[in-house]
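Shown next: run01.cif, given as mmCIF, N, CA and C atoms.
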data_my_file
#
loop_
_atom_site.label_atom_id
_atom_site.label_comp_id
_atom_site.auth_asym_id
_atom_site.auth_seq_id
_atom_site.Cartn_x
_atom_site.Cartn_y
_atom_site.Cartn_z
N MET T 1 -36.15 -20.46 -7.42
CA MET T 1 -35.01 -19.83 -6.78
C MET T 1 -35.49 -19.22 -5.46
N PRO T 2 -34.83 -19.54 -4.36
CA PRO T 2 -35.26 -19.03 -3.06
C PRO T 2 -34.98 -17.53 -2.94
N THR T 3 -35.83 -16.88 -2.17
CA THR T 3 -35.66 -15.45 -1.92
C THR T 3 -34.54 -15.26 -0.90
N ARG T 4 -33.70 -14.27 -1.16
CA ARG T 4 -32.58 -13.99 -0.25
C ARG T 4 -32.77 -12.64 0.40
N THR T 5 -32.31 -12.53 1.61
CA THR T 5 -32.38 -11.26 2.33
C THR T 5 -31.28 -10.34 1.83
N ALA T 6 -31.40 -9.08 2.17
CA ALA T 6 -30.37 -8.10 1.78
C ALA T 6 -29.02 -8.50 2.36
N ALA T 7 -29.02 -8.99 3.59
CA ALA T 7 -27.77 -9.41 4.22
C ALA T 7 -27.14 -10.57 3.47
N GLN T 8 -27.96 -11.52 3.03
CA GLN T 8 -27.44 -12.65 2.26
C GLN T 8 -26.88 -12.19 0.92
N ARG T 9 -27.55 -11.23 0.30
CA ARG T 9 -27.05 -10.70 -0.99
C ARG T 9 -25.71 -9.98 -0.80
N ARG T 10 -25.61 -9.21 0.29
CA ARG T 10 -24.34 -8.51 0.57
C ARG T 10 -23.22 -9.50 0.83
N GLU T 11 -23.52 -10.54 1.58
CA GLU T 11 -22.52 -11.57 1.89
C GLU T 11 -22.06 -12.27 0.61
N GLU T 12 -22.99 -12.58 -0.26
CA GLU T 12 -22.66 -13.22 -1.53
C GLU T 12 -21.81 -12.30 -2.40
N ALA T 13 -22.17 -11.03 -2.43
CA ALA T 13 -21.40 -10.07 -3.22
C ALA T 13 -19.98 -9.92 -2.68
N ALA T 14 -19.83 -9.93 -1.35
CA ALA T 14 -18.51 -9.82 -0.75
C ALA T 14 -17.64 -11.00 -1.15
N ARG T 15 -18.25 -12.17 -1.24
CA ARG T 15 -17.48 -13.34 -1.66
C ARG T 15 -17.03 -13.20 -3.11
N GLU T 16 -17.73 -12.39 -3.87
CA GLU T 16 -17.37 -12.16 -5.27
C GLU T 16 -16.44 -10.95 -5.42
N TYR T 17 -15.99 -10.39 -4.30
CA TYR T 17 -15.05 -9.27 -4.29
C TYR T 17 -15.61 -8.03 -4.99
N ASP T 18 -16.64 -7.50 -4.42
CA ASP T 18 -17.22 -6.24 -4.87
C ASP T 18 -16.68 -5.14 -3.97
N ALA T 19 -15.69 -4.41 -4.46
CA ALA T 19 -14.99 -3.42 -3.65
C ALA T 19 -15.88 -2.27 -3.19
N PHE T 20 -17.07 -2.15 -3.75
CA PHE T 20 -17.98 -1.10 -3.29
C PHE T 20 -18.64 -1.44 -1.96
N LEU T 21 -18.52 -2.70 -1.53
CA LEU T 21 -19.06 -3.11 -0.24
C LEU T 21 -17.99 -2.97 0.84
N ALA T 22 -18.37 -2.42 1.97
CA ALA T 22 -17.41 -2.14 3.04
C ALA T 22 -16.70 -3.39 3.55
N THR T 23 -17.37 -4.53 3.52
CA THR T 23 -16.78 -5.75 4.07
C THR T 23 -15.98 -6.55 3.06
N CYS T 24 -15.87 -6.08 1.85
CA CYS T 24 -15.18 -6.83 0.80
C CYS T 24 -13.67 -6.84 1.05
N PRO T 25 -13.04 -8.02 0.98
CA PRO T 25 -11.58 -8.08 1.15
C PRO T 25 -10.83 -7.27 0.09
N ALA T 26 -11.37 -7.17 -1.11
CA ALA T 26 -10.71 -6.37 -2.15
C ALA T 26 -10.70 -4.89 -1.75
N ARG T 27 -11.73 -4.44 -1.09
CA ARG T 27 -11.77 -3.05 -0.63
C ARG T 27 -10.70 -2.82 0.42
N GLN T 28 -10.55 -3.78 1.30
CA GLN T 28 -9.51 -3.66 2.32
C GLN T 28 -8.13 -3.60 1.68
N LEU T 29 -7.93 -4.38 0.63
CA LEU T 29 -6.65 -4.35 -0.08
C LEU T 29 -6.46 -3.02 -0.80
N LEU T 30 -7.52 -2.49 -1.40
CA LEU T 30 -7.43 -1.17 -2.04
C LEU T 30 -7.08 -0.10 -1.01
N ASP T 31 -7.68 -0.19 0.17
CA ASP T 31 -7.34 0.75 1.24
C ASP T 31 -5.85 0.68 1.55
N ARG T 32 -5.32 -0.53 1.62
CA ARG T 32 -3.92 -0.73 1.96
C ARG T 32 -3.00 -0.15 0.87
N ILE T 33 -3.22 -0.55 -0.37
CA ILE T 33 -2.26 -0.15 -1.41
C ILE T 33 -2.41 1.31 -1.84
N SER T 34 -3.49 1.98 -1.40
CA SER T 34 -3.63 3.39 -1.73
C SER T 34 -3.03 4.29 -0.66
N ASP T 35 -2.51 3.72 0.39
CA ASP T 35 -1.88 4.48 1.47
C ASP T 35 -0.57 5.09 0.98
N LYS T 36 -0.30 6.33 1.37
CA LYS T 36 0.92 7.01 0.90
C LYS T 36 2.18 6.28 1.33
N TRP T 37 2.21 5.75 2.56
CA TRP T 37 3.42 5.07 3.02
C TRP T 37 3.64 3.78 2.23
N VAL T 38 2.57 3.07 1.91
CA VAL T 38 2.69 1.85 1.11
C VAL T 38 3.30 2.17 -0.25
N THR T 39 2.77 3.19 -0.88
CA THR T 39 3.27 3.59 -2.20
C THR T 39 4.75 3.93 -2.14
N LEU T 40 5.15 4.69 -1.15
CA LEU T 40 6.56 5.09 -1.04
C LEU T 40 7.46 3.91 -0.68
N ILE T 41 7.01 3.03 0.19
CA ILE T 41 7.81 1.86 0.56
C ILE T 41 7.98 0.93 -0.63
N LEU T 42 6.89 0.64 -1.33
CA LEU T 42 7.00 -0.24 -2.50
C LEU T 42 7.89 0.36 -3.57
N THR T 43 7.77 1.66 -3.79
CA THR T 43 8.62 2.33 -4.78
C THR T 43 10.09 2.25 -4.38
N ALA T 44 10.37 2.43 -3.10
CA ALA T 44 11.76 2.33 -2.62
C ALA T 44 12.29 0.92 -2.79
N LEU T 45 11.46 -0.09 -2.56
CA LEU T 45 11.90 -1.48 -2.68
C LEU T 45 11.99 -1.95 -4.13
N ALA T 46 11.46 -1.18 -5.06
CA ALA T 46 11.54 -1.55 -6.48
C ALA T 46 13.00 -1.59 -6.94
N ASP T 47 13.87 -0.84 -6.26
CA ASP T 47 15.29 -0.82 -6.60
C ASP T 47 16.05 -2.02 -6.05
N GLY T 48 15.39 -2.84 -5.25
CA GLY T 48 16.03 -4.01 -4.66
C GLY T 48 15.88 -4.01 -3.16
N PRO T 49 16.37 -5.07 -2.51
CA PRO T 49 16.22 -5.20 -1.05
C PRO T 49 16.83 -4.01 -0.31
N GLN T 50 16.19 -3.66 0.79
CA GLN T 50 16.70 -2.56 1.60
C GLN T 50 16.55 -2.91 3.07
N ARG T 51 17.43 -2.35 3.84
CA ARG T 51 17.36 -2.51 5.29
C ARG T 51 16.34 -1.52 5.85
N TYR T 52 15.86 -1.82 7.03
CA TYR T 52 14.89 -0.95 7.70
C TYR T 52 15.43 0.47 7.80
N SER T 53 16.68 0.59 8.23
CA SER T 53 17.27 1.93 8.42
C SER T 53 17.37 2.69 7.10
N ASP T 54 17.64 1.98 6.00
CA ASP T 54 17.70 2.63 4.69
C ASP T 54 16.33 3.17 4.29
N LEU T 55 15.29 2.36 4.52
CA LEU T 55 13.94 2.80 4.20
C LEU T 55 13.55 4.01 5.06
N SER T 56 13.92 3.96 6.33
CA SER T 56 13.60 5.04 7.24
C SER T 56 14.25 6.35 6.79
N ARG T 57 15.49 6.28 6.35
CA ARG T 57 16.19 7.48 5.87
C ARG T 57 15.63 7.96 4.53
N ARG T 58 15.29 7.04 3.65
CA ARG T 58 14.84 7.41 2.30
C ARG T 58 13.45 8.03 2.30
N ILE T 59 12.57 7.59 3.19
CA ILE T 59 11.18 8.05 3.19
C ILE T 59 11.02 9.13 4.26
N ALA T 60 11.16 10.35 3.83
CA ALA T 60 11.09 11.48 4.76
C ALA T 60 9.72 11.56 5.41
N GLY T 61 9.73 11.79 6.73
CA GLY T 61 8.49 12.03 7.46
C GLY T 61 7.81 10.80 8.03
N VAL T 62 8.26 9.61 7.67
CA VAL T 62 7.61 8.41 8.22
C VAL T 62 8.16 8.14 9.61
N SER T 63 7.26 7.92 10.55
CA SER T 63 7.69 7.60 11.91
C SER T 63 8.11 6.14 11.99
N GLN T 64 8.86 5.82 13.01
CA GLN T 64 9.30 4.43 13.21
C GLN T 64 8.08 3.52 13.36
N LYS T 65 7.10 3.98 14.12
CA LYS T 65 5.88 3.19 14.34
C LYS T 65 5.14 2.94 13.02
N MET T 66 4.98 3.99 12.21
CA MET T 66 4.24 3.86 10.95
C MET T 66 5.00 2.97 9.97
N LEU T 67 6.31 3.12 9.89
CA LEU T 67 7.10 2.29 9.00
C LEU T 67 7.00 0.83 9.41
N THR T 68 7.11 0.55 10.69
CA THR T 68 7.02 -0.82 11.19
C THR T 68 5.64 -1.41 10.89
N GLN T 69 4.58 -0.67 11.19
CA GLN T 69 3.22 -1.16 10.94
C GLN T 69 2.98 -1.43 9.46
N THR T 70 3.44 -0.53 8.62
CA THR T 70 3.23 -0.67 7.18
C THR T 70 4.01 -1.85 6.63
N LEU T 71 5.25 -2.01 7.06
CA LEU T 71 6.04 -3.16 6.61
C LEU T 71 5.39 -4.47 7.03
N ARG T 72 4.89 -4.53 8.25
CA ARG T 72 4.23 -5.75 8.72
C ARG T 72 2.97 -6.05 7.91
N SER T 73 2.19 -5.03 7.61
CA SER T 73 0.97 -5.26 6.84
C SER T 73 1.28 -5.69 5.42
N LEU T 74 2.33 -5.14 4.83
CA LEU T 74 2.73 -5.55 3.48
C LEU T 74 3.27 -6.98 3.46
N GLU T 75 3.96 -7.34 4.52
CA GLU T 75 4.44 -8.72 4.64
C GLU T 75 3.25 -9.67 4.80
N ARG T 76 2.30 -9.29 5.61
CA ARG T 76 1.10 -10.11 5.82
C ARG T 76 0.33 -10.31 4.52
N ASP T 77 0.27 -9.26 3.69
CA ASP T 77 -0.45 -9.33 2.42
C ASP T 77 0.35 -10.05 1.33
N GLY T 78 1.58 -10.43 1.64
CA GLY T 78 2.39 -11.16 0.66
C GLY T 78 3.06 -10.29 -0.37
N LEU T 79 3.17 -8.98 -0.10
CA LEU T 79 3.78 -8.07 -1.06
C LEU T 79 5.27 -7.87 -0.84
N LEU T 80 5.75 -8.18 0.35
CA LEU T 80 7.19 -8.12 0.61
C LEU T 80 7.59 -9.21 1.58
N THR T 81 8.89 -9.46 1.60
CA THR T 81 9.45 -10.43 2.53
C THR T 81 10.38 -9.72 3.49
N ARG T 82 10.52 -10.29 4.66
CA ARG T 82 11.41 -9.78 5.70
C ARG T 82 12.43 -10.87 5.98
N SER T 83 13.69 -10.53 5.79
CA SER T 83 14.77 -11.50 6.02
C SER T 83 15.64 -11.01 7.17
N VAL T 84 15.81 -11.87 8.16
CA VAL T 84 16.63 -11.53 9.32
C VAL T 84 17.94 -12.29 9.22
N THR T 85 19.05 -11.55 9.31
CA THR T 85 20.38 -12.13 9.32
C THR T 85 20.95 -11.97 10.72
N PRO T 86 21.22 -13.10 11.40
CA PRO T 86 21.75 -12.99 12.76
C PRO T 86 23.15 -12.38 12.73
N SER T 87 23.28 -11.26 13.36
CA SER T 87 24.57 -10.58 13.48
C SER T 87 24.43 -9.59 14.63
N VAL T 88 25.47 -8.85 14.90
CA VAL T 88 25.41 -7.83 15.94
C VAL T 88 25.70 -6.49 15.28
N PRO T 89 24.73 -5.61 15.16
CA PRO T 89 23.31 -5.80 15.45
C PRO T 89 22.65 -6.68 14.38
N VAL T 90 21.45 -7.14 14.69
CA VAL T 90 20.71 -7.98 13.76
C VAL T 90 20.43 -7.19 12.48
N ARG T 91 20.61 -7.87 11.35
CA ARG T 91 20.35 -7.22 10.06
C ARG T 91 18.99 -7.69 9.54
N VAL T 92 18.12 -6.73 9.22
CA VAL T 92 16.79 -7.04 8.69
C VAL T 92 16.66 -6.38 7.32
N ASP T 93 16.39 -7.20 6.31
CA ASP T 93 16.21 -6.70 4.95
C ASP T 93 14.78 -6.95 4.49
N TYR T 94 14.27 -6.03 3.68
CA TYR T 94 12.95 -6.16 3.09
C TYR T 94 13.09 -6.18 1.58
N ASP T 95 12.27 -7.00 0.93
CA ASP T 95 12.32 -7.11 -0.52
C ASP T 95 10.91 -7.40 -1.03
N LEU T 96 10.66 -6.98 -2.25
CA LEU T 96 9.37 -7.28 -2.88
C LEU T 96 9.28 -8.75 -3.21
N THR T 97 8.10 -9.30 -3.07
CA THR T 97 7.83 -10.67 -3.51
C THR T 97 7.44 -10.61 -4.99
N PRO T 98 7.36 -11.75 -5.66
CA PRO T 98 6.85 -11.73 -7.03
C PRO T 98 5.47 -11.07 -7.13
N LEU T 99 4.61 -11.30 -6.14
CA LEU T 99 3.30 -10.65 -6.14
C LEU T 99 3.46 -9.13 -6.01
N GLY T 100 4.34 -8.69 -5.14
CA GLY T 100 4.60 -7.27 -4.97
C GLY T 100 5.13 -6.63 -6.24
N ARG T 101 5.97 -7.36 -6.96
CA ARG T 101 6.52 -6.83 -8.22
C ARG T 101 5.43 -6.63 -9.28
N THR T 102 4.37 -7.45 -9.23
CA THR T 102 3.29 -7.27 -10.22
C THR T 102 2.54 -5.97 -9.99
N LEU T 103 2.63 -5.43 -8.79
CA LEU T 103 1.97 -4.16 -8.47
C LEU T 103 2.79 -2.95 -8.90
N MET T 104 4.08 -3.13 -9.12
CA MET T 104 4.97 -2.00 -9.36
C MET T 104 4.67 -1.20 -10.63
N PRO T 105 4.29 -1.80 -11.74
CA PRO T 105 3.96 -0.96 -12.90
C PRO T 105 2.82 0.02 -12.60
N LEU T 106 1.85 -0.42 -11.82
CA LEU T 106 0.73 0.46 -11.46
C LEU T 106 1.18 1.56 -10.52
N ILE T 107 1.92 1.18 -9.49
CA ILE T 107 2.41 2.17 -8.52
C ILE T 107 3.33 3.18 -9.21
N SER T 108 4.21 2.70 -10.07
CA SER T 108 5.13 3.59 -10.79
C SER T 108 4.37 4.56 -11.68
N SER T 109 3.33 4.07 -12.33
CA SER T 109 2.53 4.95 -13.19
C SER T 109 1.85 6.03 -12.39
N ILE T 110 1.30 5.68 -11.24
CA ILE T 110 0.63 6.67 -10.40
C ILE T 110 1.63 7.70 -9.89
N LYS T 111 2.80 7.23 -9.46
CA LYS T 111 3.82 8.16 -8.97
C LYS T 111 4.29 9.09 -10.09
N THR T 112 4.50 8.55 -11.27
CA THR T 112 4.92 9.36 -12.42
C THR T 112 3.85 10.39 -12.75
N TRP T 113 2.58 9.94 -12.73
CA TRP T 113 1.48 10.87 -13.00
C TRP T 113 1.48 12.00 -11.98
N ALA T 114 1.61 11.66 -10.69
CA ALA T 114 1.60 12.68 -9.63
C ALA T 114 2.76 13.66 -9.80
N ASP T 115 3.95 13.14 -10.10
CA ASP T 115 5.11 14.01 -10.30
C ASP T 115 4.90 14.94 -11.49
N GLY T 116 4.35 14.41 -12.57
CA GLY T 116 4.19 15.19 -13.80
C GLY T 116 3.04 16.17 -13.80
N HIS T 117 2.03 15.93 -12.98
CA HIS T 117 0.84 16.79 -12.98
C HIS T 117 0.72 17.68 -11.75
N MET T 118 1.74 17.70 -10.93
CA MET T 118 1.68 18.50 -9.71
C MET T 118 1.48 19.99 -9.99
N PRO T 119 2.12 20.57 -11.01
CA PRO T 119 1.86 21.99 -11.27
C PRO T 119 0.38 22.27 -11.59
N GLU T 120 -0.26 21.39 -12.34
CA GLU T 120 -1.68 21.57 -12.66
C GLU T 120 -2.55 21.42 -11.41
N VAL T 121 -2.22 20.46 -10.58
CA VAL T 121 -2.97 20.26 -9.34
C VAL T 121 -2.79 21.47 -8.42
N ALA T 122 -1.57 21.97 -8.33
CA ALA T 122 -1.31 23.15 -7.49
C ALA T 122 -2.09 24.35 -7.99
N ALA T 123 -2.15 24.52 -9.31
CA ALA T 123 -2.93 25.63 -9.88
C ALA T 123 -4.41 25.46 -9.59
N ALA T 124 -4.92 24.25 -9.70
CA ALA T 124 -6.33 23.99 -9.41
C ALA T 124 -6.63 24.25 -7.94
N ARG T 125 -5.74 23.88 -7.06
CA ARG T 125 -5.94 24.14 -5.63
C ARG T 125 -5.98 25.64 -5.34
N THR T 126 -5.06 26.37 -5.97
CA THR T 126 -5.01 27.81 -5.77
C THR T 126 -6.30 28.45 -6.26
N ALA T 127 -6.77 28.06 -7.45
CA ALA T 127 -8.02 28.60 -7.99
C ALA T 127 -9.19 28.26 -7.08
N TYR T 128 -9.24 27.06 -6.59
CA TYR T 128 -10.32 26.65 -5.69
C TYR T 128 -10.31 27.46 -4.40
N ASP T 129 -9.12 27.61 -3.83
CA ASP T 129 -8.99 28.35 -2.57
C ASP T 129 -9.37 29.81 -2.71
N ARG T 130 -9.20 30.39 -3.90
CA ARG T 130 -9.55 31.79 -4.13
C ARG T 130 -11.06 31.99 -4.26
N SER T 131 -11.75 30.94 -4.68
CA SER T 131 -13.20 31.11 -4.89
C SER T 131 -14.02 30.85 -3.66
#

Would you mind writing the file's structure down as structure tokens?
Amino acid sequence: MPTRTAAQRREEAAREYDAFLATCPARQLLDRISDKWVTLILTALADGPQRYSDLSRRIAGVSQKMLTQTLRSLERDGLLTRSVTPSVPVRVDYDLTPLGRTLMPLISSIKTWADGHMPEVAAARTAYDRS
């Protein structure tokens, strides 16, 4: 068996999707789906297709730039589709793809956990800040 350099071993590991390596595509995907805007957008789309303006109103605090960038990245990753209906004004709808729907049980569980454990987290933060 030939000896491999550290760089060759890292490259081989990245091809095997080792998320602990910075260059691993799986790590990049984890970065994407752990983003707060991604979580909120996917959760909003779980109810069915929505227009850009509906998403913008539903997700408090998201800027137009951030919403647009996040939607584009999710479309690129194959998690949602963008449908344009020619009209005046143009109608743009976003919907989860079958791949995006497979992510929803996980996203929903994390959101439910966060909603249900917020009092404990708030108490832990208060205790930490006092010490």

**OP:** Per DSSP on the backbone, filter region 13-126 of chain T down to the residues in helix (DSSP H, G or I) and report them as a count of residues only.
**Re:** 71

Mind checking which residues fall within 8 Å of Thr43 (chain T), counting all atoms listed in the file, ignoring those fewer than 4 positions away in the same chain, and posting them as a PDB file with N, CA and C atoms, in the coordinates of the input?
ATOM      1  N   TRP T  37       2.210   5.750   2.560  1.00  0.00           N
ATOM      2  CA  TRP T  37       3.420   5.070   3.020  1.00  0.00           C
ATOM      3  C   TRP T  37       3.640   3.780   2.230  1.00  0.00           C
ATOM      4  N   VAL T  38       2.570   3.070   1.910  1.00  0.00           N
ATOM      5  CA  VAL T  38       2.690   1.850   1.110  1.00  0.00           C
ATOM      6  C   VAL T  38       3.300   2.170  -0.250  1.00  0.00           C
ATOM      7  N   THR T  39       2.770   3.190  -0.880  1.00  0.00           N
ATOM      8  CA  THR T  39       3.270   3.590  -2.200  1.00  0.00           C
ATOM      9  C   THR T  39       4.750   3.930  -2.140  1.00  0.00           C
ATOM     10  N   ASP T  47      13.870  -0.840  -6.260  1.00  0.00           N
ATOM     11  CA  ASP T  47      15.290  -0.820  -6.600  1.00  0.00           C
ATOM     12  C   ASP T  47      16.050  -2.020  -6.050  1.00  0.00           C
ATOM     13  N   GLY T  48      15.390  -2.840  -5.250  1.00  0.00           N
ATOM     14  CA  GLY T  48      16.030  -4.010  -4.660  1.00  0.00           C
ATOM     15  C   GLY T  48      15.880  -4.010  -3.160  1.00  0.00           C
ATOM     16  N   MET T 104       4.080  -3.130  -9.120  1.00  0.00           N
ATOM     17  CA  MET T 104       4.970  -2.000  -9.360  1.00  0.00           C
ATOM     18  C   MET T 104       4.670  -1.200 -10.630  1.00  0.00           C
ATOM     19  N   ILE T 107       1.920   1.180  -9.490  1.00  0.00           N
ATOM     20  CA  ILE T 107       2.410   2.170  -8.520  1.00  0.00           C
ATOM     21  C   ILE T 107       3.330   3.180  -9.210  1.00  0.00           C
ATOM     22  N   SER T 108       4.210   2.700 -10.070  1.00  0.00           N
ATOM     23  CA  SER T 108       5.130   3.590 -10.790  1.00  0.00           C
ATOM     24  C   SER T 108       4.370   4.560 -11.680  1.00  0.00           C
TER      25      SER T 108
END

- Task: Considering only C-alpha atoms, state which residue in the set T:Glu120, T:Tyr94, T:Val84, T:Ala22 is at the smallest distance from Ala44 (chain T).
- Result: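 Using only C-alpha atoms, the shortest distance to Ala44 (chain T) belongs to T:Tyr94.
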
Report task. Compare T:Leu106, T:Ser56, T:Gln50, T:Thr23 by their minimum atom-to-atom distance to Arg82 (chain T), counting only C-alpha atoms, and give me the closest one. Result ->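 Of the candidates, the smallest distance to Arg82 (chain T) is held by T:Gln50.
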
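One distance worth recording is that between atom N of Ser73 (chain T) and atom N of Pro89 (chain T), which is 23.8 Å.
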
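Counting from atom N of Thr3 (chain T), the distance to atom N of Gln28 (chain T) is 28.7 Å.
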
Of the candidates T:Gly116, T:Gly78, T:Pro2, T:Pro86, which one gets nearest to Arg101 (chain T) if we count all atoms listed in the file?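 Smallest separation from Arg101 (chain T) among the options: T:Gly78.
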
Residues of chain T classed as strand (DSSP E or B) by DSSP on the backbone are to be reported as a list in words.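 Selecting the strand (DSSP E or B) positions of chain T gives Gln50, Arg51, Leu80, Thr81, Arg82, Ser83, Val84, Thr85, Arg91, Val92, Asp93, Tyr94, Asp95 and Leu96 of chain T.
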
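A straight line drawn from CA of Ala6 (chain T) to atom N of Leu21 (chain T) is 13.4 Å long.
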
So which residues touch Glu16 (chain T) within 8 Å, counting only N, CA and C atoms, skipping near sequence neighbours fewer than 6 positions away, as a PDB file with N, CA and C atoms, in the frame of the given file?
ATOM      1  N   ARG T  10     -25.610  -9.210   0.290  1.00  0.00           N
ATOM      2  CA  ARG T  10     -24.340  -8.510   0.570  1.00  0.00           C
ATOM      3  C   ARG T  10     -23.220  -9.500   0.830  1.00  0.00           C
ATOM      4  N   CYS T  24     -15.870  -6.080   1.850  1.00  0.00           N
ATOM      5  CA  CYS T  24     -15.180  -6.830   0.800  1.00  0.00           C
ATOM      6  C   CYS T  24     -13.670  -6.840   1.050  1.00  0.00           C
ATOM      7  N   PRO T  25     -13.040  -8.020   0.980  1.00  0.00           N
ATOM      8  CA  PRO T  25     -11.580  -8.080   1.150  1.00  0.00           C
ATOM      9  C   PRO T  25     -10.830  -7.270   0.090  1.00  0.00           C
ATOM     10  N   ALA T  26     -11.370  -7.170  -1.110  1.00  0.00           N
ATOM     11  CA  ALA T  26     -10.710  -6.370  -2.150  1.00  0.00           C
ATOM     12  C   ALA T  26     -10.700  -4.890  -1.750  1.00  0.00           C
TER      13      ALA T  26
END
